[in-house]
Amino acid sequence: MRTELYRFKYESLCNMVKPILEKKGFEVYIAEDEKQILQIIEKLIPAGSTVSSGGSVTLSETGVIDLLRSGKYSFLDRYNAPDRRAVELEAFKCDYYLCSVNAITMNGELVFMDGGGNRVAAVTYGPKNVIIVTSANKIVKDLDAARERIRYIAPMNAKRLSLTTPCAVTGICQDCDSPRRICRHYHVVFDSRNQPGRIKIILSLKEFGL
């Protein structure tokens with residue numbers, strides 16, 4: 001029953017936010033689960049395309065990273081690169097850049113918080129196409145709610161990355177001044193009507209990532 005109720009809630013949220021995002025120039029797909037996510041991506045990205053990605057638990061959990069490494073595409077793999085920065089810069093020239101997002105508001109705003117800034121830079125400018133894979137649980141009311149969600153999730157990401165920031169110890173955001181802080185680049189994409197369809201969003205009814 002619990003699973004069915006969450007699915008009902010997430011489907012309602014996706015159906016509400018989809019036309020709002022589309023009006024702003026985003027291309028939106030709703031997926032049931034990881035299987036449908038991969039099917040959509042395979043339809044969107046022609047074989048042989050140059051692809052890259054930002055760091056993302058969602059992309060790993062859904063099998064997207066495995067798909068990119070399958071040999072079907074020319075994958076600029078930041079995860080296994082001896083010089084990660086060089087790969088991240090090269091990603092600006094790729095055909096398709098894949099990542100997730102920290103939150104999506106009911107006003108159709110995409111909210112990101114980065115440590116290094118490579119993801120927000122690529123989403124904003126560079127790659128010909130951006131595919132954002134995210135779960136419906138990241139849909140929030142407004143920008144204030146998005147910031148609160150980020151503050152709630154950030155300690156888990158810091159812990160996952162084995163950092164020594166205060167939040168990785170206490171589990172609570174301290175709005176710290178640690179040199180290893182991962183909440184450095186706050187970025188909001190309000191609109192994509194100047195490049196309609198460049199940013200494609202796959203909303204999953206099944207939860208992935210943090």
# chains A, B, ... in the order shown; residues from 1 in each chain; ligands from 1
>>> closest_atom_pairs(of="range 107-180 of chain A", to="range 20-26 of chain A", cutoff="9 Å", atoms="only C-alpha atoms", output="JSON lines")
{"residue": "A:Asn107", "atom": "CA", "partner": "A:Ile20", "partner_atom": "CA", "distance": 6.8}
{"residue": "A:Gly108", "atom": "CA", "partner": "A:Leu21", "partner_atom": "CA", "distance": 4.9}
{"residue": "A:Glu109", "atom": "CA", "partner": "A:Leu21", "partner_atom": "CA", "distance": 7.9}
>>> residues_around(residues="range 170-182 of chain A", least_positions_apart="2", cutoff="12 Å", atoms="only C-alpha atoms", output="ChimeraX atom specification")
/A:112-117,147-168,184-186
>>> write_last_selection(atoms="C-alpha atoms", output="CSV table (one decimal), in the first residue's frame")
chain,number,residue,atom,x,y,z
A,112,PHE,CA,21.7,22.7,-8.6
A,113,MET,CA,24.4,22.8,-5.8
A,114,ASP,CA,27.9,21.8,-6.9
A,115,GLY,CA,31.2,21.4,-5.2
A,116,GLY,CA,33.5,21.9,-8.2
A,117,GLY,CA,31.1,23.6,-10.5
A,147,ARG,CA,17.4,25.1,-0.5
A,148,GLU,CA,16.1,23.2,2.5
A,149,ARG,CA,16.1,19.9,0.6
A,150,ILE,CA,19.8,20.5,-0.3
A,151,ARG,CA,20.7,21.4,3.3
A,152,TYR,CA,19.0,18.1,4.4
A,153,ILE,CA,20.7,15.9,1.8
A,154,ALA,CA,24.2,17.5,1.7
A,155,PRO,CA,25.5,15.7,4.8
A,156,MET,CA,24.7,12.3,3.2
A,157,ASN,CA,26.7,13.3,0.1
A,158,ALA,CA,29.6,14.5,2.2
A,159,LYS,CA,29.5,11.2,4.1
A,160,ARG,CA,29.3,9.2,0.8
A,161,LEU,CA,32.4,11.0,-0.4
A,162,SER,CA,34.3,10.4,2.9
A,163,LEU,CA,34.8,14.1,3.5
A,164,THR,CA,35.7,15.6,6.9
A,165,THR,CA,33.3,18.5,6.7
A,166,PRO,CA,31.3,19.2,9.9
A,167,CYS,CA,28.1,17.9,8.3
A,168,ALA,CA,29.8,14.5,7.5
A,184,ARG,CA,29.9,25.9,-3.3
A,185,HIS,CA,28.0,26.7,-6.5
A,186,TYR,CA,24.3,27.3,-6.2
>>> atom_distance(atom1="CA of Gly71 in chain A", atom2="CA of Glu90 in chain A")
18.7 Å
>>> residues_around(residues="Leu143 in chain A", least_positions_apart="6", cutoff="9 Å", atoms="only C-alpha atoms", output="list in words")
Ala103, Ile104, Thr105, Asn107, Glu109, Val111 and Val188 of chain A
>>> closest_atom_pairs(of="range 110-152 of chain A", to="range 38-51 of chain A", cutoff="10 Å", atoms="only C-alpha atoms", output="JSON lines")
{"residue": "A:Pro127", "atom": "CA", "partner": "A:Val51", "partner_atom": "CA", "distance": 9.0}
{"residue": "A:Asn129", "atom": "CA", "partner": "A:Ile45", "partner_atom": "CA", "distance": 9.4}
{"residue": "A:Val130", "atom": "CA", "partner": "A:Val51", "partner_atom": "CA", "distance": 9.7}
{"residue": "A:Ile131", "atom": "CA", "partner": "A:Ile41", "partner_atom": "CA", "distance": 8.3}
{"residue": "A:Val133", "atom": "CA", "partner": "A:Ile41", "partner_atom": "CA", "distance": 9.5}
>>> write_last_selection(atoms="C-alpha atoms", output="PDB file, in the first residue's frame")
ATOM      1  CA  PRO A 127      27.276  20.376 -24.630  1.00  0.00           C
ATOM      2  CA  ASN A 129      22.283  18.356 -25.439  1.00  0.00           C
ATOM      3  CA  VAL A 130      21.807  17.879 -21.708  1.00  0.00           C
ATOM      4  CA  ILE A 131      19.838  14.942 -20.283  1.00  0.00           C
ATOM      5  CA  VAL A 133      17.753  12.045 -14.926  1.00  0.00           C
TER       6      VAL A 133
END
>>> residues_around(residues="range 74-87 of chain A", least_positions_apart="4", cutoff="10 Å", atoms="only C-alpha atoms", output="PyMOL selection string")
chain A and resi 47-55+65+67-70+91-92+94-97+116+118
>>> write_last_selection(atoms="N, CA and C atoms", output="PDB file, in the first residue's frame")
ATOM      1  N   ALA A  47      23.623   6.067 -31.574  1.00  0.00           N
ATOM      2  CA  ALA A  47      24.854   5.296 -31.392  1.00  0.00           C
ATOM      3  C   ALA A  47      26.026   6.054 -32.007  1.00  0.00           C
ATOM      4  N   GLY A  48      27.155   6.003 -31.325  1.00  0.00           N
ATOM      5  CA  GLY A  48      28.355   6.679 -31.808  1.00  0.00           C
ATOM      6  C   GLY A  48      28.497   8.102 -31.314  1.00  0.00           C
ATOM      7  N   SER A  49      27.484   8.626 -30.627  1.00  0.00           N
ATOM      8  CA  SER A  49      27.552   9.986 -30.109  1.00  0.00           C
ATOM      9  C   SER A  49      28.616  10.085 -29.020  1.00  0.00           C
ATOM     10  N   THR A  50      29.212  11.266 -28.903  1.00  0.00           N
ATOM     11  CA  THR A  50      30.138  11.532 -27.811  1.00  0.00           C
ATOM     12  C   THR A  50      29.322  11.972 -26.602  1.00  0.00           C
ATOM     13  N   VAL A  51      29.515  11.272 -25.484  1.00  0.00           N
ATOM     14  CA  VAL A  51      28.718  11.542 -24.297  1.00  0.00           C
ATOM     15  C   VAL A  51      29.626  11.717 -23.078  1.00  0.00           C
ATOM     16  N   SER A  52      29.117  12.425 -22.092  1.00  0.00           N
ATOM     17  CA  SER A  52      29.835  12.566 -20.830  1.00  0.00           C
ATOM     18  C   SER A  52      28.809  12.721 -19.717  1.00  0.00           C
ATOM     19  N   SER A  53      29.289  12.822 -18.487  1.00  0.00           N
ATOM     20  CA  SER A  53      28.352  12.909 -17.368  1.00  0.00           C
ATOM     21  C   SER A  53      28.967  13.656 -16.204  1.00  0.00           C
ATOM     22  N   GLY A  54      28.095  14.130 -15.339  1.00  0.00           N
ATOM     23  CA  GLY A  54      28.528  14.654 -14.060  1.00  0.00           C
ATOM     24  C   GLY A  54      28.522  13.517 -13.058  1.00  0.00           C
ATOM     25  N   GLY A  55      29.102  13.749 -11.885  1.00  0.00           N
ATOM     26  CA  GLY A  55      29.050  12.743 -10.842  1.00  0.00           C
ATOM     27  C   GLY A  55      27.624  12.610 -10.342  1.00  0.00           C
ATOM     28  N   ILE A  65      25.235   4.855 -16.227  1.00  0.00           N
ATOM     29  CA  ILE A  65      26.690   4.850 -16.407  1.00  0.00           C
ATOM     30  C   ILE A  65      27.132   3.572 -17.121  1.00  0.00           C
ATOM     31  N   LEU A  67      25.379   1.861 -19.224  1.00  0.00           N
ATOM     32  CA  LEU A  67      24.973   2.018 -20.619  1.00  0.00           C
ATOM     33  C   LEU A  67      25.977   2.874 -21.379  1.00  0.00           C
ATOM     34  N   LEU A  68      26.417   3.963 -20.772  1.00  0.00           N
ATOM     35  CA  LEU A  68      27.374   4.848 -21.438  1.00  0.00           C
ATOM     36  C   LEU A  68      28.707   4.146 -21.677  1.00  0.00           C
ATOM     37  N   ARG A  69      29.037   3.194 -20.806  1.00  0.00           N
ATOM     38  CA  ARG A  69      30.299   2.450 -20.934  1.00  0.00           C
ATOM     39  C   ARG A  69      30.161   1.210 -21.825  1.00  0.00           C
ATOM     40  N   SER A  70      28.978   0.968 -22.357  1.00  0.00           N
ATOM     41  CA  SER A  70      28.706  -0.283 -23.067  1.00  0.00           C
ATOM     42  C   SER A  70      29.431  -0.421 -24.404  1.00  0.00           C
ATOM     43  N   ALA A  91      34.200  17.631 -21.878  1.00  0.00           N
ATOM     44  CA  ALA A  91      32.758  17.369 -21.894  1.00  0.00           C
ATOM     45  C   ALA A  91      31.966  18.525 -22.492  1.00  0.00           C
ATOM     46  N   PHE A  92      32.525  19.722 -22.473  1.00  0.00           N
ATOM     47  CA  PHE A  92      31.829  20.877 -23.039  1.00  0.00           C
ATOM     48  C   PHE A  92      31.594  20.716 -24.543  1.00  0.00           C
ATOM     49  N   CYS A  94      30.887  17.751 -26.005  1.00  0.00           N
ATOM     50  CA  CYS A  94      30.214  16.485 -26.314  1.00  0.00           C
ATOM     51  C   CYS A  94      28.814  16.707 -26.894  1.00  0.00           C
ATOM     52  N   ASP A  95      28.281  15.643 -27.481  1.00  0.00           N
ATOM     53  CA  ASP A  95      26.936  15.699 -28.070  1.00  0.00           C
ATOM     54  C   ASP A  95      25.861  15.645 -26.988  1.00  0.00           C
ATOM     55  N   TYR A  96      26.100  14.825 -25.965  1.00  0.00           N
ATOM     56  CA  TYR A  96      25.112  14.650 -24.900  1.00  0.00           C
ATOM     57  C   TYR A  96      25.823  14.613 -23.543  1.00  0.00           C
ATOM     58  N   TYR A  97      25.341  15.423 -22.630  1.00  0.00           N
ATOM     59  CA  TYR A  97      25.866  15.456 -21.268  1.00  0.00           C
ATOM     60  C   TYR A  97      24.748  15.004 -20.336  1.00  0.00           C
ATOM     61  N   GLY A 116      32.494  21.378  -7.237  1.00  0.00           N
ATOM     62  CA  GLY A 116      33.491  21.879  -8.181  1.00  0.00           C
ATOM     63  C   GLY A 116      32.945  22.836  -9.219  1.00  0.00           C
ATOM     64  N   ASN A 118      31.650  21.873 -12.214  1.00  0.00           N
ATOM     65  CA  ASN A 118      31.698  21.360 -13.584  1.00  0.00           C
ATOM     66  C   ASN A 118      30.303  21.020 -14.110  1.00  0.00           C
TER      67      ASN A 118
END
>>> residues_around(residues="Glu207 in chain A", least_positions_apart="6", cutoff="12 Å", atoms="only C-alpha atoms", output="PDB file with N, CA and C atoms, in the first residue's frame")
ATOM      1  N   THR A   3       3.920   1.740  -1.105  1.00  0.00           N
ATOM      2  CA  THR A   3       4.534   1.938  -2.416  1.00  0.00           C
ATOM      3  C   THR A   3       3.532   2.506  -3.413  1.00  0.00           C
ATOM      4  N   TYR A   6       2.883   6.253  -2.669  1.00  0.00           N
ATOM      5  CA  TYR A   6       3.978   7.113  -3.124  1.00  0.00           C
ATOM      6  C   TYR A   6       3.975   7.239  -4.640  1.00  0.00           C
ATOM      7  N   ARG A   7       3.696   6.126  -5.311  1.00  0.00           N
ATOM      8  CA  ARG A   7       3.641   6.179  -6.770  1.00  0.00           C
ATOM      9  C   ARG A   7       2.525   7.115  -7.226  1.00  0.00           C
ATOM     10  N   TYR A  10       3.808  10.680  -6.661  1.00  0.00           N
ATOM     11  CA  TYR A  10       4.855  11.061  -7.611  1.00  0.00           C
ATOM     12  C   TYR A  10       4.303  11.232  -9.030  1.00  0.00           C
ATOM     13  N   GLU A  11       3.374  10.370  -9.413  1.00  0.00           N
ATOM     14  CA  GLU A  11       2.769  10.496 -10.740  1.00  0.00           C
ATOM     15  C   GLU A  11       1.996  11.811 -10.842  1.00  0.00           C
ATOM     16  N   ALA A  31       9.203   8.392 -16.616  1.00  0.00           N
ATOM     17  CA  ALA A  31       9.582   6.978 -16.668  1.00  0.00           C
ATOM     18  C   ALA A  31       9.098   6.250 -15.421  1.00  0.00           C
ATOM     19  N   GLU A  32       8.675   5.019 -15.588  1.00  0.00           N
ATOM     20  CA  GLU A  32       8.215   4.209 -14.467  1.00  0.00           C
ATOM     21  C   GLU A  32       9.373   3.790 -13.563  1.00  0.00           C
ATOM     22  N   ASP A  33      10.491   3.397 -14.187  1.00  0.00           N
ATOM     23  CA  ASP A  33      11.598   2.816 -13.433  1.00  0.00           C
ATOM     24  C   ASP A  33      12.876   2.905 -14.256  1.00  0.00           C
ATOM     25  N   GLU A  34      13.942   2.239 -13.771  1.00  0.00           N
ATOM     26  CA  GLU A  34      15.228   2.297 -14.451  1.00  0.00           C
ATOM     27  C   GLU A  34      15.181   1.701 -15.857  1.00  0.00           C
ATOM     28  N   VAL A  57      24.854   9.766  -8.157  1.00  0.00           N
ATOM     29  CA  VAL A  57      24.395   8.478  -7.623  1.00  0.00           C
ATOM     30  C   VAL A  57      23.244   7.955  -8.473  1.00  0.00           C
ATOM     31  N   THR A  58      22.369   8.852  -8.898  1.00  0.00           N
ATOM     32  CA  THR A  58      21.215   8.459  -9.704  1.00  0.00           C
ATOM     33  C   THR A  58      21.643   7.758 -10.988  1.00  0.00           C
ATOM     34  N   LEU A  59      22.628   8.316 -11.696  1.00  0.00           N
ATOM     35  CA  LEU A  59      23.080   7.704 -12.944  1.00  0.00           C
ATOM     36  C   LEU A  59      23.681   6.325 -12.702  1.00  0.00           C
ATOM     37  N   GLU A  61      22.892   4.250 -10.036  1.00  0.00           N
ATOM     38  CA  GLU A  61      21.847   3.328  -9.567  1.00  0.00           C
ATOM     39  C   GLU A  61      20.895   2.903 -10.680  1.00  0.00           C
ATOM     40  N   THR A  62      20.660   3.758 -11.645  1.00  0.00           N
ATOM     41  CA  THR A  62      19.725   3.429 -12.722  1.00  0.00           C
ATOM     42  C   THR A  62      20.370   2.627 -13.852  1.00  0.00           C
ATOM     43  N   VAL A 133      18.500  13.190 -15.436  1.00  0.00           N
ATOM     44  CA  VAL A 133      17.753  12.045 -14.926  1.00  0.00           C
ATOM     45  C   VAL A 133      17.520  12.269 -13.434  1.00  0.00           C
ATOM     46  N   THR A 134      16.281  12.288 -13.020  1.00  0.00           N
ATOM     47  CA  THR A 134      15.988  12.562 -11.624  1.00  0.00           C
ATOM     48  C   THR A 134      14.720  11.841 -11.199  1.00  0.00           C
ATOM     49  N   SER A 135      14.484  11.828  -9.898  1.00  0.00           N
ATOM     50  CA  SER A 135      13.302  11.164  -9.348  1.00  0.00           C
ATOM     51  C   SER A 135      12.264  12.182  -8.917  1.00  0.00           C
ATOM     52  N   ALA A 136      11.027  11.761  -8.904  1.00  0.00           N
ATOM     53  CA  ALA A 136       9.925  12.661  -8.563  1.00  0.00           C
ATOM     54  C   ALA A 136      10.000  13.161  -7.128  1.00  0.00           C
ATOM     55  N   ASN A 137      10.723  12.455  -6.257  1.00  0.00           N
ATOM     56  CA  ASN A 137      10.847  12.911  -4.871  1.00  0.00           C
ATOM     57  C   ASN A 137      11.668  14.195  -4.758  1.00  0.00           C
ATOM     58  N   LYS A 138      12.323  14.601  -5.848  1.00  0.00           N
ATOM     59  CA  LYS A 138      13.090  15.854  -5.841  1.00  0.00           C
ATOM     60  C   LYS A 138      12.254  17.056  -6.281  1.00  0.00           C
ATOM     61  N   ILE A 139      10.988  16.819  -6.579  1.00  0.00           N
ATOM     62  CA  ILE A 139      10.090  17.924  -6.930  1.00  0.00           C
ATOM     63  C   ILE A 139       9.622  18.588  -5.634  1.00  0.00           C
TER      64      ILE A 139
END
>>> select_by_dssp(residues="range 21-165 of chain A", states="strand (DSSP E or B)", output="ChimeraX atom specification")
/A:27-31,50-53,74-76,96-99,103-105,110-114,129-135,139-140
>>> atom_distance(atom1="CA of Val17 in chain A", atom2="CA of Cys99 in chain A")
19.3 Å
>>> select_by_dssp(residues="range 19-149 of chain A", states="alpha helix (DSSP H)", output="CSV table (one decimal) with N, CA and C atoms, in the first residue's frame")
chain,number,residue,atom,x,y,z
A,19,PRO,N,4.0,20.0,-17.9
A,19,PRO,CA,3.6,21.1,-18.8
A,19,PRO,C,4.2,22.4,-18.4
A,20,ILE,N,4.5,22.6,-17.1
A,20,ILE,CA,5.2,23.8,-16.7
A,20,ILE,C,6.6,23.9,-17.2
A,21,LEU,N,7.3,22.8,-17.1
A,21,LEU,CA,8.7,22.7,-17.7
A,21,LEU,C,8.7,22.8,-19.2
A,22,GLU,N,7.7,22.2,-19.8
A,22,GLU,CA,7.7,22.2,-21.3
A,22,GLU,C,7.4,23.6,-21.8
A,23,LYS,N,6.6,24.4,-21.1
A,23,LYS,CA,6.3,25.7,-21.5
A,23,LYS,C,7.6,26.6,-21.4
A,34,GLU,N,13.9,2.2,-13.8
A,34,GLU,CA,15.2,2.3,-14.5
A,34,GLU,C,15.2,1.7,-15.9
A,35,LYS,N,14.3,0.7,-16.1
A,35,LYS,CA,14.2,0.1,-17.4
A,35,LYS,C,13.7,1.1,-18.4
A,36,GLN,N,12.7,1.8,-18.0
A,36,GLN,CA,12.2,2.9,-19.0
A,36,GLN,C,13.1,4.0,-19.1
A,37,ILE,N,13.9,4.4,-18.1
A,37,ILE,CA,14.9,5.4,-18.2
A,37,ILE,C,15.9,5.1,-19.2
A,38,LEU,N,16.4,3.8,-19.2
A,38,LEU,CA,17.4,3.4,-20.2
A,38,LEU,C,16.8,3.4,-21.6
A,39,GLN,N,15.6,2.9,-21.7
A,39,GLN,CA,14.9,2.9,-23.0
A,39,GLN,C,14.8,4.3,-23.6
A,40,ILE,N,14.4,5.3,-22.8
A,40,ILE,CA,14.3,6.7,-23.3
A,40,ILE,C,15.7,7.2,-23.7
A,41,ILE,N,16.7,6.9,-22.9
A,41,ILE,CA,18.0,7.4,-23.2
A,41,ILE,C,18.5,6.8,-24.5
A,42,GLU,N,18.3,5.5,-24.7
A,42,GLU,CA,18.7,4.9,-25.9
A,42,GLU,C,18.0,5.5,-27.2
A,43,LYS,N,16.8,5.9,-27.0
A,43,LYS,CA,16.1,6.6,-28.1
A,43,LYS,C,16.6,8.0,-28.4
A,44,LEU,N,17.0,8.6,-27.3
A,44,LEU,CA,17.4,10.0,-27.4
A,44,LEU,C,18.8,10.2,-28.0
A,57,VAL,N,24.9,9.8,-8.2
A,57,VAL,CA,24.4,8.5,-7.6
A,57,VAL,C,23.2,8.0,-8.5
A,58,THR,N,22.4,8.9,-8.9
A,58,THR,CA,21.2,8.5,-9.7
A,58,THR,C,21.6,7.8,-11.0
A,59,LEU,N,22.6,8.3,-11.7
A,59,LEU,CA,23.1,7.7,-12.9
A,59,LEU,C,23.7,6.3,-12.7
A,60,SER,N,24.3,6.1,-11.6
A,60,SER,CA,24.9,4.8,-11.2
A,60,SER,C,23.8,3.8,-10.9
A,61,GLU,N,22.9,4.3,-10.0
A,61,GLU,CA,21.8,3.3,-9.6
A,61,GLU,C,20.9,2.9,-10.7
A,64,VAL,N,22.6,3.9,-15.9
A,64,VAL,CA,22.9,4.8,-17.0
A,64,VAL,C,24.4,4.8,-17.3
A,65,ILE,N,25.2,4.9,-16.2
A,65,ILE,CA,26.7,4.8,-16.4
A,65,ILE,C,27.1,3.6,-17.1
A,66,ASP,N,26.5,2.4,-16.7
A,66,ASP,CA,26.9,1.2,-17.4
A,66,ASP,C,26.5,1.2,-18.9
A,67,LEU,N,25.4,1.9,-19.2
A,67,LEU,CA,25.0,2.0,-20.6
A,67,LEU,C,26.0,2.9,-21.4
A,68,LEU,N,26.4,4.0,-20.8
A,68,LEU,CA,27.4,4.8,-21.4
A,68,LEU,C,28.7,4.1,-21.7
A,84,ARG,N,40.9,14.1,-14.3
A,84,ARG,CA,39.5,14.3,-14.3
A,84,ARG,C,39.2,15.7,-14.9
A,85,ARG,N,39.9,16.7,-14.5
A,85,ARG,CA,39.6,18.1,-15.0
A,85,ARG,C,39.7,18.1,-16.5
A,86,ALA,N,40.6,17.4,-17.1
A,86,ALA,CA,40.8,17.5,-18.6
A,86,ALA,C,39.5,16.9,-19.2
A,87,VAL,N,39.0,15.8,-18.6
A,87,VAL,CA,37.8,15.1,-19.1
A,87,VAL,C,36.6,16.0,-18.9
A,88,GLU,N,36.5,16.7,-17.8
A,88,GLU,CA,35.4,17.6,-17.5
A,88,GLU,C,35.4,18.8,-18.5
A,89,LEU,N,36.5,19.3,-18.9
A,89,LEU,CA,36.6,20.4,-19.8
A,89,LEU,C,36.2,19.9,-21.2
A,90,GLU,N,36.7,18.7,-21.6
A,90,GLU,CA,36.4,18.1,-22.9
A,90,GLU,C,34.9,17.8,-23.0
A,118,ASN,N,31.7,21.9,-12.2
A,118,ASN,CA,31.7,21.4,-13.6
A,118,ASN,C,30.3,21.0,-14.1
A,119,ARG,N,29.4,20.5,-13.2
A,119,ARG,CA,28.1,20.1,-13.7
A,119,ARG,C,27.3,21.4,-14.1
A,120,VAL,N,27.2,22.4,-13.2
A,120,VAL,CA,26.4,23.5,-13.5
A,120,VAL,C,27.0,24.3,-14.7
A,121,ALA,N,28.3,24.2,-14.9
A,121,ALA,CA,28.9,24.9,-16.0
A,121,ALA,C,28.4,24.2,-17.3
A,122,ALA,N,28.4,22.9,-17.3
A,122,ALA,CA,28.1,22.1,-18.5
A,122,ALA,C,26.6,22.3,-18.8
A,123,VAL,N,25.8,22.2,-17.8
A,123,VAL,CA,24.3,22.4,-18.0
A,123,VAL,C,24.0,23.7,-18.6
A,124,THR,N,24.7,24.7,-18.1
A,124,THR,CA,24.5,26.1,-18.6
A,124,THR,C,25.0,26.4,-20.0
A,143,LEU,N,11.8,27.7,-4.5
A,143,LEU,CA,13.2,27.8,-4.3
A,143,LEU,C,13.6,27.6,-2.8
A,144,ASP,N,12.8,28.2,-1.9
A,144,ASP,CA,13.1,28.0,-0.5
A,144,ASP,C,13.1,26.5,-0.1
A,145,ALA,N,12.1,25.8,-0.6
A,145,ALA,CA,12.0,24.4,-0.3
A,145,ALA,C,13.2,23.6,-0.9
A,146,ALA,N,13.6,24.1,-2.1
A,146,ALA,CA,14.8,23.5,-2.7
A,146,ALA,C,16.0,23.6,-1.9
A,147,ARG,N,16.3,24.8,-1.4
A,147,ARG,CA,17.4,25.1,-0.5
A,147,ARG,C,17.4,24.2,0.7
A,148,GLU,N,16.2,24.1,1.3
A,148,GLU,CA,16.1,23.2,2.5
A,148,GLU,C,16.3,21.8,2.2
A,149,ARG,N,15.9,21.3,1.0
A,149,ARG,CA,16.1,19.9,0.6
A,149,ARG,C,17.6,19.7,0.5
>>> closest_residue(among="A:Val28, A:Met16, A:Val101, A:Leu5", to="Phe208 in chain A", atoms="only C-alpha atoms")
A:Val101
>>> atom_distance(atom1="CA of Asp191 in chain A", atom2="CA of Cys14 in chain A")
17.8 Å
>>> decode(residues="range 142-154 of chain A", atoms="N, CA and C atoms", output="PDB file, in the first residue's frame")
ATOM      1  N   ASP A 142       9.010  25.299  -3.997  1.00  0.00           N
ATOM      2  CA  ASP A 142       9.617  26.535  -4.495  1.00  0.00           C
ATOM      3  C   ASP A 142      11.108  26.543  -4.187  1.00  0.00           C
ATOM      4  N   LEU A 143      11.760  27.677  -4.454  1.00  0.00           N
ATOM      5  CA  LEU A 143      13.207  27.762  -4.270  1.00  0.00           C
ATOM      6  C   LEU A 143      13.605  27.645  -2.800  1.00  0.00           C
ATOM      7  N   ASP A 144      12.795  28.154  -1.903  1.00  0.00           N
ATOM      8  CA  ASP A 144      13.098  28.002  -0.476  1.00  0.00           C
ATOM      9  C   ASP A 144      13.086  26.536  -0.080  1.00  0.00           C
ATOM     10  N   ALA A 145      12.106  25.805  -0.571  1.00  0.00           N
ATOM     11  CA  ALA A 145      12.018  24.371  -0.284  1.00  0.00           C
ATOM     12  C   ALA A 145      13.193  23.621  -0.919  1.00  0.00           C
ATOM     13  N   ALA A 146      13.637  24.082  -2.086  1.00  0.00           N
ATOM     14  CA  ALA A 146      14.785  23.456  -2.746  1.00  0.00           C
ATOM     15  C   ALA A 146      16.047  23.633  -1.905  1.00  0.00           C
ATOM     16  N   ARG A 147      16.256  24.836  -1.367  1.00  0.00           N
ATOM     17  CA  ARG A 147      17.428  25.075  -0.523  1.00  0.00           C
ATOM     18  C   ARG A 147      17.378  24.207   0.732  1.00  0.00           C
ATOM     19  N   GLU A 148      16.204  24.072   1.310  1.00  0.00           N
ATOM     20  CA  GLU A 148      16.067  23.238   2.500  1.00  0.00           C
ATOM     21  C   GLU A 148      16.338  21.779   2.181  1.00  0.00           C
ATOM     22  N   ARG A 149      15.882  21.325   1.002  1.00  0.00           N
ATOM     23  CA  ARG A 149      16.147  19.941   0.609  1.00  0.00           C
ATOM     24  C   ARG A 149      17.647  19.708   0.464  1.00  0.00           C
ATOM     25  N   ILE A 150      18.329  20.664  -0.143  1.00  0.00           N
ATOM     26  CA  ILE A 150      19.772  20.549  -0.332  1.00  0.00           C
ATOM     27  C   ILE A 150      20.489  20.498   1.018  1.00  0.00           C
ATOM     28  N   ARG A 151      20.088  21.348   1.954  1.00  0.00           N
ATOM     29  CA  ARG A 151      20.700  21.351   3.288  1.00  0.00           C
ATOM     30  C   ARG A 151      20.469  20.012   4.001  1.00  0.00           C
ATOM     31  N   TYR A 152      19.331  19.400   3.740  1.00  0.00           N
ATOM     32  CA  TYR A 152      18.993  18.124   4.370  1.00  0.00           C
ATOM     33  C   TYR A 152      19.820  16.977   3.777  1.00  0.00           C
ATOM     34  N   ILE A 153      20.052  17.030   2.459  1.00  0.00           N
ATOM     35  CA  ILE A 153      20.734  15.943   1.753  1.00  0.00           C
ATOM     36  C   ILE A 153      22.252  16.073   1.798  1.00  0.00           C
ATOM     37  N   ALA A 154      22.775  17.290   1.833  1.00  0.00           N
ATOM     38  CA  ALA A 154      24.216  17.529   1.726  1.00  0.00           C
ATOM     39  C   ALA A 154      25.060  16.677   2.676  1.00  0.00           C
TER      40      ALA A 154
END
